[in-house]
Structures are given as C-alpha cells and as structure tokens.
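Text of query.cif, listed as mmCIF, C-alpha atoms:
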data_upload
#
loop_
_atom_site.label_atom_id
_atom_site.label_comp_id
_atom_site.auth_asym_id
_atom_site.auth_seq_id
_atom_site.Cartn_x
_atom_site.Cartn_y
_atom_site.Cartn_z
CA MET L 1 0.00 0.00 0.00
CA HIS L 2 1.28 3.43 -0.91
CA VAL L 3 1.77 5.07 2.47
CA LEU L 4 1.21 8.63 1.28
CA THR L 5 -2.02 8.10 -0.68
CA GLY L 6 -3.47 4.92 0.85
CA GLN L 7 -3.78 3.40 -2.63
CA HIS L 8 -2.59 -0.06 -3.58
CA VAL L 9 0.25 -0.47 -6.03
CA VAL L 10 2.13 -3.31 -7.69
CA LEU L 11 5.79 -2.76 -8.56
CA LEU L 12 7.22 -4.59 -11.55
CA GLN L 13 10.92 -4.49 -12.25
CA PRO L 14 12.36 -5.80 -15.51
CA TYR L 15 15.19 -8.26 -14.95
CA ASP L 16 17.56 -6.19 -17.07
CA SER L 17 16.74 -2.79 -15.62
CA GLU L 18 16.91 -0.75 -12.44
CA ARG L 19 13.62 0.94 -13.38
CA LEU L 20 10.29 0.18 -11.71
CA VAL L 21 6.83 0.11 -13.27
CA PRO L 22 4.23 1.16 -10.68
CA ILE L 23 0.72 -0.08 -11.40
CA TRP L 24 -2.01 1.36 -9.20
CA ILE L 25 -4.56 -1.38 -8.46
CA GLY L 26 -7.75 -1.96 -6.49
CA ALA L 27 -7.89 -3.34 -2.97
CA ASP L 28 -9.32 -6.72 -4.05
CA GLN L 29 -6.57 -7.35 -6.60
CA ALA L 30 -3.93 -6.15 -4.11
CA HIS L 31 -5.24 -8.60 -1.50
CA SER L 32 -5.33 -11.43 -4.04
CA ILE L 33 -1.75 -10.79 -5.23
CA ALA L 34 -0.24 -10.14 -1.80
CA THR L 35 -1.77 -13.16 -0.06
CA ARG L 36 -0.59 -15.48 -2.83
CA ILE L 37 2.94 -14.09 -2.85
CA ALA L 38 3.08 -14.30 0.96
CA GLY L 39 1.73 -17.88 0.89
CA ILE L 40 -1.28 -17.02 3.05
CA PRO L 41 -4.13 -19.46 2.38
CA SER L 42 -7.73 -18.26 2.32
CA ASP L 43 -10.62 -20.10 3.92
CA ARG L 44 -12.48 -20.17 0.61
CA PRO L 45 -11.15 -19.70 -2.91
CA LEU L 46 -10.69 -16.11 -3.99
CA THR L 47 -11.91 -15.17 -7.47
CA HIS L 48 -8.48 -15.70 -9.03
CA ASP L 49 -8.14 -19.09 -7.28
CA LEU L 50 -11.53 -20.09 -8.69
CA MET L 51 -10.48 -19.04 -12.18
CA MET L 52 -7.28 -21.08 -11.90
CA SER L 53 -9.22 -24.14 -10.68
CA MET L 54 -11.62 -23.87 -13.61
CA LEU L 55 -8.79 -23.52 -16.14
CA ARG L 56 -6.91 -26.51 -14.69
CA ALA L 57 -10.09 -28.62 -14.64
CA ILE L 58 -10.51 -28.16 -18.39
CA GLY L 59 -6.81 -28.58 -19.19
CA VAL L 60 -5.97 -24.96 -19.98
CA GLU L 61 -2.61 -23.43 -19.02
CA ILE L 62 -1.71 -19.76 -18.63
CA THR L 63 1.59 -19.37 -20.47
CA ARG L 64 2.20 -15.68 -19.79
CA VAL L 65 0.54 -12.40 -19.01
CA VAL L 66 1.40 -9.09 -20.62
CA VAL L 67 0.92 -5.53 -19.46
CA LYS L 68 0.38 -4.37 -23.02
CA ASP L 69 -0.71 -0.77 -22.94
CA LEU L 70 -1.19 2.36 -20.87
CA VAL L 71 -4.31 4.18 -22.05
CA THR L 72 -5.34 7.70 -21.04
CA GLU L 73 -8.92 7.72 -19.74
CA ALA L 74 -11.45 9.64 -21.82
CA SER L 75 -12.05 11.99 -18.89
CA GLY L 76 -8.36 12.89 -18.93
CA THR L 77 -8.12 12.19 -15.19
CA GLY L 78 -5.59 9.40 -15.39
CA SER L 79 -4.33 6.36 -17.22
CA VAL L 80 -5.29 2.70 -17.13
CA PHE L 81 -3.00 -0.28 -17.67
CA HIS L 82 -4.39 -2.87 -20.07
CA GLY L 83 -3.31 -6.50 -19.91
CA SER L 84 -3.64 -9.81 -21.68
CA VAL L 85 -3.66 -13.37 -20.43
CA PHE L 86 -2.31 -15.95 -22.87
CA LEU L 87 -3.91 -19.38 -22.60
CA GLN L 88 -2.64 -22.62 -24.10
CA VAL L 89 -5.65 -24.69 -25.13
CA GLY L 90 -4.40 -27.88 -26.73
CA GLU L 91 -2.31 -26.74 -29.67
CA HIS L 92 -3.91 -23.30 -29.79
CA GLU L 93 -2.90 -20.16 -28.00
CA ILE L 94 -5.64 -17.69 -27.08
CA GLU L 95 -5.17 -14.09 -25.93
CA ILE L 96 -7.75 -12.80 -23.46
CA ASP L 97 -8.05 -9.07 -22.75
CA SER L 98 -7.89 -8.25 -19.03
CA ARG L 99 -7.07 -5.63 -16.47
CA ALA L 100 -3.34 -5.71 -15.81
CA SER L 101 -4.00 -6.33 -12.10
CA ASP L 102 -6.15 -9.41 -12.79
CA ALA L 103 -3.55 -10.77 -15.18
CA ILE L 104 -0.84 -10.36 -12.52
CA ALA L 105 -3.05 -11.99 -9.87
CA LEU L 106 -3.44 -15.03 -12.14
CA ALA L 107 0.26 -15.14 -13.05
CA VAL L 108 1.40 -15.33 -9.43
CA ARG L 109 -0.86 -18.36 -8.96
CA CYS L 110 0.68 -20.42 -11.74
CA ASP L 111 4.20 -18.98 -12.03
CA ALA L 112 3.45 -17.62 -15.49
CA ARG L 113 5.81 -15.01 -16.88
CA ILE L 114 4.77 -11.40 -16.37
CA LEU L 115 5.86 -9.30 -19.33
CA VAL L 116 5.57 -5.55 -19.86
CA ALA L 117 5.54 -3.97 -23.31
CA VAL L 118 8.53 -1.73 -23.99
CA ASN L 119 6.28 1.26 -24.73
CA VAL L 120 4.64 0.82 -21.30
CA ILE L 121 8.04 0.73 -19.59
CA ASP L 122 9.12 3.83 -21.52
CA ARG L 123 5.95 5.75 -20.58
CA SER L 124 5.43 4.68 -16.99
CA SER L 125 8.64 3.50 -15.37
CA ILE L 126 10.45 5.41 -12.69
CA ALA L 127 13.99 5.16 -11.43
CA ALA L 128 14.56 2.84 -8.51
CA ALA L 129 15.57 4.54 -5.27
CA GLY L 130 19.03 6.02 -5.43
CA GLN L 131 19.02 6.80 -9.14
CA ASP L 132 19.31 10.36 -10.43
CA ASP L 133 16.07 10.79 -12.39
CA GLU L 134 14.14 14.00 -11.85
CA ASP L 135 10.62 12.83 -10.97
CA VAL L 136 7.81 15.35 -10.80
CA GLY L 137 4.14 15.27 -9.82
CA GLU L 138 2.68 11.85 -9.04
CA LEU L 139 5.95 10.08 -9.84
CA GLY L 140 7.76 12.27 -7.32
CA VAL L 141 5.32 11.14 -4.64
CA PHE L 142 5.82 7.56 -5.73
CA ARG L 143 9.60 7.95 -5.58
CA GLN L 144 9.23 9.06 -1.95
CA PHE L 145 7.23 5.89 -1.33
CA ILE L 146 9.93 3.70 -2.92
CA GLU L 147 12.57 5.35 -0.79
CA SER L 148 10.50 4.65 2.34
CA LEU L 149 10.35 0.88 1.75
CA PRO L 150 12.33 -1.21 4.25
CA ASP L 151 15.37 -3.20 3.12
CA ASP L 152 13.76 -6.31 4.62
CA PRO L 153 10.26 -6.78 3.09
CA GLY L 154 9.27 -8.86 6.13
CA SER L 155 10.03 -6.14 8.64
CA SER L 156 7.10 -4.34 10.23
CA GLY L 157 8.80 -0.99 10.71
CA SER L 158 9.51 1.59 8.07
CA ASP L 159 12.78 3.46 8.02
CA PRO L 160 12.34 6.51 5.75
CA GLY L 161 16.03 6.42 4.85
CA SER L 162 16.06 2.84 3.61
CA SER L 163 15.33 1.56 0.13
CA GLY L 164 13.93 -1.63 -1.27
CA SER L 165 13.22 -3.37 -4.54
CA ALA L 166 10.42 -5.42 -6.01
CA ASN L 167 10.67 -7.96 -8.78
CA GLY L 168 7.73 -8.90 -10.92
#

I'd like the structure from this file rewritten - as structure tokens, please.
Amino acid sequence: MHVLTGQHVVLLQPYDSERLVPIWIGADQAHSIATRIAGIPSDRPLTHDLMMSMLRAIGVEITRVVVKDLVTEASGTGSVFHGSVFLQVGEHEIEIDSRASDAIALAVRCDARILVAVNVIDRSSIAAAGQDDEDVGELGVFRQFIESLPDDPGSSGSDPGSSGSANG
C-alpha cells in the first residue's frame, strides 16, 4: 500500500533494468496478489483461485501475461494499464483481454511469466531509489514511497532512509 495516498500499487521491475513500473490497483486485486505471494491461504477460494481451478479442470494453461498498454482515460483524469492473459488450449494459444492487475493476480498463482511492453516501460517506469532521475508530480510522490520501503520486506517498521526493490 502506498503510504502517502493509501492506494494499492504493484511494482514490476524488468530483470535487465533498475527501473520500476508502478501499477495502481484496487484493494481486491492487491489482497489477491499479496496473499498469494506471501503464501497465506484463504478459507475459501478467492476469485483468481476459482479461475485457476476452472482452467486446470478443463486442461488450460496460462503461459504468460502481458501488461500491453497504458491508455489515457477519456475523462483525462488518469491512465489505465491494459493487460492480456495468454492461454494454451491444446495446440492453440488464445489471448484474453484483461485488467493488468487481474492478469498479474493469475500469473502469481501459476508462475506464469509477467511481461511488460517496452512502450509501457518507456511511458510509466520510474527510477529505482538512489538513481538520479528528476521525478515530478505523481511520480515524485511515488519515488518518496519507494525510498521509504524497508530493506527487509518482512520487517514491520519503516525506516524513511532505507530503500527496497520489487521484482515482478
């Protein structure tokens, strides 16, 4: 959770880069992603668990998910990340349009690759803490958040002078 705004965010970091792609997501998707990554079981299947059970039951595999685009909302108030889930159905591959957050929530359940289009990285990535990019506006606030993350993701305290990283 972004400590300054109270909004949920997923951080993706390309393997070959020190940049981070922040994706603002809803509370339900944040809970679904975080509990799976942390290995916390739920009493009953969450929506993404149900989807995975249904896909497995019919022999469908998620091969990868892609954060494919960053689209400015018609109202001009912000941007929305668009995603795709790629399914292997027998010998056919099918691309299903999705919210990026739902695609990520599914990927963490089946260890599918999470890919981000180069144009999305170019338009939305920020420098990891300690790099010399000049961030302004919303990205400046986000940079402050990154710099406030603890070195140890399992620690409960937050040292404003420490930095952390997230891999997606």

Could you tell me which residues the PyMOL selection byres ((chain L and resi 79) around 12) returns for this structure, as a ChimeraX atom specification?
-> /L:22-25,69-78,80-82,120,123-124

Written as a PyMOL selection string, which residues does the PyMOL selection byres ((chain L and resi 12) around 12) give for the file shown?
-> chain L and resi 9-11+13-24+66-67+100-101+104+113-117+120-121+124-128+165-168

Dump C-alpha atoms for the selected residues as a PDB file, in the frame of the given file?
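Writing the result to part.pdb gives the following:
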ATOM      1  CA  VAL L   9       0.250  -0.470  -6.030  1.00  0.00           C
ATOM      2  CA  VAL L  10       2.130  -3.310  -7.690  1.00  0.00           C
ATOM      3  CA  LEU L  11       5.790  -2.760  -8.560  1.00  0.00           C
ATOM      4  CA  GLN L  13      10.920  -4.490 -12.250  1.00  0.00           C
ATOM      5  CA  PRO L  14      12.360  -5.800 -15.510  1.00  0.00           C
ATOM      6  CA  TYR L  15      15.190  -8.260 -14.950  1.00  0.00           C
ATOM      7  CA  ASP L  16      17.560  -6.190 -17.070  1.00  0.00           C
ATOM      8  CA  SER L  17      16.740  -2.790 -15.620  1.00  0.00           C
ATOM      9  CA  GLU L  18      16.910  -0.750 -12.440  1.00  0.00           C
ATOM     10  CA  ARG L  19      13.620   0.940 -13.380  1.00  0.00           C
ATOM     11  CA  LEU L  20      10.290   0.180 -11.710  1.00  0.00           C
ATOM     12  CA  VAL L  21       6.830   0.110 -13.270  1.00  0.00           C
ATOM     13  CA  PRO L  22       4.230   1.160 -10.680  1.00  0.00           C
ATOM     14  CA  ILE L  23       0.720  -0.080 -11.400  1.00  0.00           C
ATOM     15  CA  TRP L  24      -2.010   1.360  -9.200  1.00  0.00           C
ATOM     16  CA  VAL L  66       1.400  -9.090 -20.620  1.00  0.00           C
ATOM     17  CA  VAL L  67       0.920  -5.530 -19.460  1.00  0.00           C
ATOM     18  CA  ALA L 100      -3.340  -5.710 -15.810  1.00  0.00           C
ATOM     19  CA  SER L 101      -4.000  -6.330 -12.100  1.00  0.00           C
ATOM     20  CA  ILE L 104      -0.840 -10.360 -12.520  1.00  0.00           C
ATOM     21  CA  ARG L 113       5.810 -15.010 -16.880  1.00  0.00           C
ATOM     22  CA  ILE L 114       4.770 -11.400 -16.370  1.00  0.00           C
ATOM     23  CA  LEU L 115       5.860  -9.300 -19.330  1.00  0.00           C
ATOM     24  CA  VAL L 116       5.570  -5.550 -19.860  1.00  0.00           C
ATOM     25  CA  ALA L 117       5.540  -3.970 -23.310  1.00  0.00           C
ATOM     26  CA  VAL L 120       4.640   0.820 -21.300  1.00  0.00           C
ATOM     27  CA  ILE L 121       8.040   0.730 -19.590  1.00  0.00           C
ATOM     28  CA  SER L 124       5.430   4.680 -16.990  1.00  0.00           C
ATOM     29  CA  SER L 125       8.640   3.500 -15.370  1.00  0.00           C
ATOM     30  CA  ILE L 126      10.450   5.410 -12.690  1.00  0.00           C
ATOM     31  CA  ALA L 127      13.990   5.160 -11.430  1.00  0.00           C
ATOM     32  CA  ALA L 128      14.560   2.840  -8.510  1.00  0.00           C
ATOM     33  CA  SER L 165      13.220  -3.370  -4.540  1.00  0.00           C
ATOM     34  CA  ALA L 166      10.420  -5.420  -6.010  1.00  0.00           C
ATOM     35  CA  ASN L 167      10.670  -7.960  -8.780  1.00  0.00           C
ATOM     36  CA  GLY L 168       7.730  -8.900 -10.920  1.00  0.00           C
TER      37      GLY L 168
END

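For the structure shown here, the set of residues caught by the PyMOL selection byres ((chain L and resi 28) around 10) is His8, Ile25, Gly26, Ala27, Gln29, Ala30, His31, Ser32, Ile33, Ala34, Leu46, Thr47, Ser101 and Asp102 of chain L.
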
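As for atom CA of Met51 of chain L and atom CA of Leu106 of chain L, they are spaced 8.1 Å apart.
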
Among listed residues L:Ile40, L:Ala112, L:Thr5, L:Thr63, nearest Glu95 of chain L (using only C-alpha atoms) | L:Thr63

Using all atoms listed in the file, the shortest atom-to-atom distance to Leu55 of chain L among L:Val108, L:Val118, L:Leu87, L:Ile94 belongs to L:Leu87

What is the distance, in Å and to one decimal place, between atom CA of Thr35 of chain L and atom CA of Ile96 of chain L?
-> 24.2 Å

Enter the distance from atom CA of Ser53 of chain L to atom CA of Gln88 of chain L, in Å, rounded to one decimal.
->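 Separation between atom CA of Ser53 of chain L and atom CA of Gln88 of chain L: 15.0 Å.
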
With all atoms listed in the file as the atoms that count, which of L:Lys68, L:His48, L:Met54, L:Asn119 lies nearest to Ala107 of chain L?
->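 For Ala107 of chain L, the nearest of the given residues is L:His48.
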
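The residue that comes closest to Met52 of chain L, out of L:Ile37, L:Gln7, L:Ala105, L:Asp122 and on the basis of all atoms listed in the file, is L:Ala105.
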
Taking all listed atoms of segment 58-69 of chain L, build the axis-aligned box, pad each of the six sides by 3 Å, then write its centre and edge lengths in Å to one decimal as AutoDock Vina command-line options.
--center_x -4.2 --center_y -14.7 --center_z -20.7 --size_x 18.7 --size_y 33.8 --size_z 10.6

Starting from the incomplete input, reconstruct N, CA and C atoms of segment 4-32 of chain L and report them as a PDB file, keeping the file's coordinate frame.
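Writing done, so here's result_36.pdb:
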ATOM      1  N   LEU L   4       1.595   7.229   1.363  1.00  0.00           N
ATOM      2  CA  LEU L   4       1.210   8.630   1.280  1.00  0.00           C
ATOM      3  C   LEU L   4      -0.217   8.830   0.773  1.00  0.00           C
ATOM      4  N   THR L   5      -0.692   7.932  -0.097  1.00  0.00           N
ATOM      5  CA  THR L   5      -2.020   8.100  -0.680  1.00  0.00           C
ATOM      6  C   THR L   5      -3.026   7.070  -0.201  1.00  0.00           C
ATOM      7  N   GLY L   6      -2.567   5.977   0.418  1.00  0.00           N
ATOM      8  CA  GLY L   6      -3.470   4.920   0.850  1.00  0.00           C
ATOM      9  C   GLY L   6      -3.937   4.032  -0.283  1.00  0.00           C
ATOM     10  N   GLN L   7      -3.411   4.216  -1.485  1.00  0.00           N
ATOM     11  CA  GLN L   7      -3.780   3.400  -2.630  1.00  0.00           C
ATOM     12  C   GLN L   7      -2.855   2.193  -2.736  1.00  0.00           C
ATOM     13  N   HIS L   8      -3.366   1.155  -3.393  1.00  0.00           N
ATOM     14  CA  HIS L   8      -2.590  -0.060  -3.580  1.00  0.00           C
ATOM     15  C   HIS L   8      -1.800   0.036  -4.880  1.00  0.00           C
ATOM     16  N   VAL L   9      -0.603  -0.540  -4.850  1.00  0.00           N
ATOM     17  CA  VAL L   9       0.250  -0.470  -6.030  1.00  0.00           C
ATOM     18  C   VAL L   9       1.056  -1.767  -6.149  1.00  0.00           C
ATOM     19  N   VAL L  10       1.257  -2.188  -7.382  1.00  0.00           N
ATOM     20  CA  VAL L  10       2.130  -3.310  -7.690  1.00  0.00           C
ATOM     21  C   VAL L  10       3.368  -2.718  -8.338  1.00  0.00           C
ATOM     22  N   LEU L  11       4.533  -3.211  -7.960  1.00  0.00           N
ATOM     23  CA  LEU L  11       5.790  -2.760  -8.560  1.00  0.00           C
ATOM     24  C   LEU L  11       6.360  -3.888  -9.409  1.00  0.00           C
ATOM     25  N   LEU L  12       6.570  -3.623 -10.675  1.00  0.00           N
ATOM     26  CA  LEU L  12       7.220  -4.590 -11.550  1.00  0.00           C
ATOM     27  C   LEU L  12       8.584  -4.033 -11.913  1.00  0.00           C
ATOM     28  N   GLN L  13       9.574  -4.911 -11.884  1.00  0.00           N
ATOM     29  CA  GLN L  13      10.920  -4.490 -12.250  1.00  0.00           C
ATOM     30  C   GLN L  13      11.465  -5.449 -13.292  1.00  0.00           C
ATOM     31  N   PRO L  14      11.760  -4.935 -14.490  1.00  0.00           N
ATOM     32  CA  PRO L  14      12.360  -5.800 -15.510  1.00  0.00           C
ATOM     33  C   PRO L  14      13.680  -6.371 -15.005  1.00  0.00           C
ATOM     34  N   TYR L  15      13.959  -7.610 -15.387  1.00  0.00           N
ATOM     35  CA  TYR L  15      15.190  -8.260 -14.950  1.00  0.00           C
ATOM     36  C   TYR L  15      16.437  -7.502 -15.380  1.00  0.00           C
ATOM     37  N   ASP L  16      16.376  -6.841 -16.527  1.00  0.00           N
ATOM     38  CA  ASP L  16      17.560  -6.190 -17.070  1.00  0.00           C
ATOM     39  C   ASP L  16      17.573  -4.680 -16.842  1.00  0.00           C
ATOM     40  N   SER L  17      16.859  -4.224 -15.820  1.00  0.00           N
ATOM     41  CA  SER L  17      16.740  -2.790 -15.620  1.00  0.00           C
ATOM     42  C   SER L  17      16.660  -2.459 -14.134  1.00  0.00           C
ATOM     43  N   GLU L  18      17.064  -1.255 -13.801  1.00  0.00           N
ATOM     44  CA  GLU L  18      16.910  -0.750 -12.440  1.00  0.00           C
ATOM     45  C   GLU L  18      15.640   0.080 -12.313  1.00  0.00           C
ATOM     46  N   ARG L  19      14.844   0.154 -13.386  1.00  0.00           N
ATOM     47  CA  ARG L  19      13.620   0.940 -13.380  1.00  0.00           C
ATOM     48  C   ARG L  19      12.486   0.121 -12.767  1.00  0.00           C
ATOM     49  N   LEU L  20      11.469   0.811 -12.273  1.00  0.00           N
ATOM     50  CA  LEU L  20      10.290   0.180 -11.710  1.00  0.00           C
ATOM     51  C   LEU L  20       9.055   0.656 -12.455  1.00  0.00           C
ATOM     52  N   VAL L  21       8.108  -0.248 -12.672  1.00  0.00           N
ATOM     53  CA  VAL L  21       6.830   0.110 -13.270  1.00  0.00           C
ATOM     54  C   VAL L  21       5.778   0.022 -12.172  1.00  0.00           C
ATOM     55  N   PRO L  22       5.287   1.174 -11.695  1.00  0.00           N
ATOM     56  CA  PRO L  22       4.230   1.160 -10.680  1.00  0.00           C
ATOM     57  C   PRO L  22       2.865   1.044 -11.343  1.00  0.00           C
ATOM     58  N   ILE L  23       2.065   0.087 -10.880  1.00  0.00           N
ATOM     59  CA  ILE L  23       0.720  -0.080 -11.400  1.00  0.00           C
ATOM     60  C   ILE L  23      -0.244   0.052 -10.236  1.00  0.00           C
ATOM     61  N   TRP L  24      -1.046   1.114 -10.256  1.00  0.00           N
ATOM     62  CA  TRP L  24      -2.010   1.360  -9.200  1.00  0.00           C
ATOM     63  C   TRP L  24      -3.165   0.383  -9.386  1.00  0.00           C
ATOM     64  N   ILE L  25      -3.547  -0.340  -8.343  1.00  0.00           N
ATOM     65  CA  ILE L  25      -4.560  -1.380  -8.460  1.00  0.00           C
ATOM     66  C   ILE L  25      -5.599  -1.245  -7.341  1.00  0.00           C
ATOM     67  N   GLY L  26      -6.697  -1.968  -7.494  1.00  0.00           N
ATOM     68  CA  GLY L  26      -7.750  -1.960  -6.490  1.00  0.00           C
ATOM     69  C   GLY L  26      -7.398  -2.823  -5.286  1.00  0.00           C
ATOM     70  N   ALA L  27      -8.140  -2.618  -4.213  1.00  0.00           N
ATOM     71  CA  ALA L  27      -7.890  -3.340  -2.970  1.00  0.00           C
ATOM     72  C   ALA L  27      -8.071  -4.838  -3.119  1.00  0.00           C
ATOM     73  N   ASP L  28      -9.079  -5.277  -3.879  1.00  0.00           N
ATOM     74  CA  ASP L  28      -9.320  -6.720  -4.050  1.00  0.00           C
ATOM     75  C   ASP L  28      -8.159  -7.391  -4.784  1.00  0.00           C
ATOM     76  N   GLN L  29      -7.692  -6.770  -5.860  1.00  0.00           N
ATOM     77  CA  GLN L  29      -6.570  -7.350  -6.600  1.00  0.00           C
ATOM     78  C   GLN L  29      -5.297  -7.318  -5.744  1.00  0.00           C
ATOM     79  N   ALA L  30      -5.102  -6.247  -4.983  1.00  0.00           N
ATOM     80  CA  ALA L  30      -3.930  -6.150  -4.110  1.00  0.00           C
ATOM     81  C   ALA L  30      -3.948  -7.281  -3.077  1.00  0.00           C
ATOM     82  N   HIS L  31      -5.106  -7.520  -2.479  1.00  0.00           N
ATOM     83  CA  HIS L  31      -5.240  -8.600  -1.500  1.00  0.00           C
ATOM     84  C   HIS L  31      -4.954  -9.955  -2.153  1.00  0.00           C
ATOM     85  N   SER L  32      -5.502 -10.164  -3.336  1.00  0.00           N
ATOM     86  CA  SER L  32      -5.330 -11.430  -4.040  1.00  0.00           C
ATOM     87  C   SER L  32      -3.857 -11.678  -4.389  1.00  0.00           C
TER      88      SER L  32
END
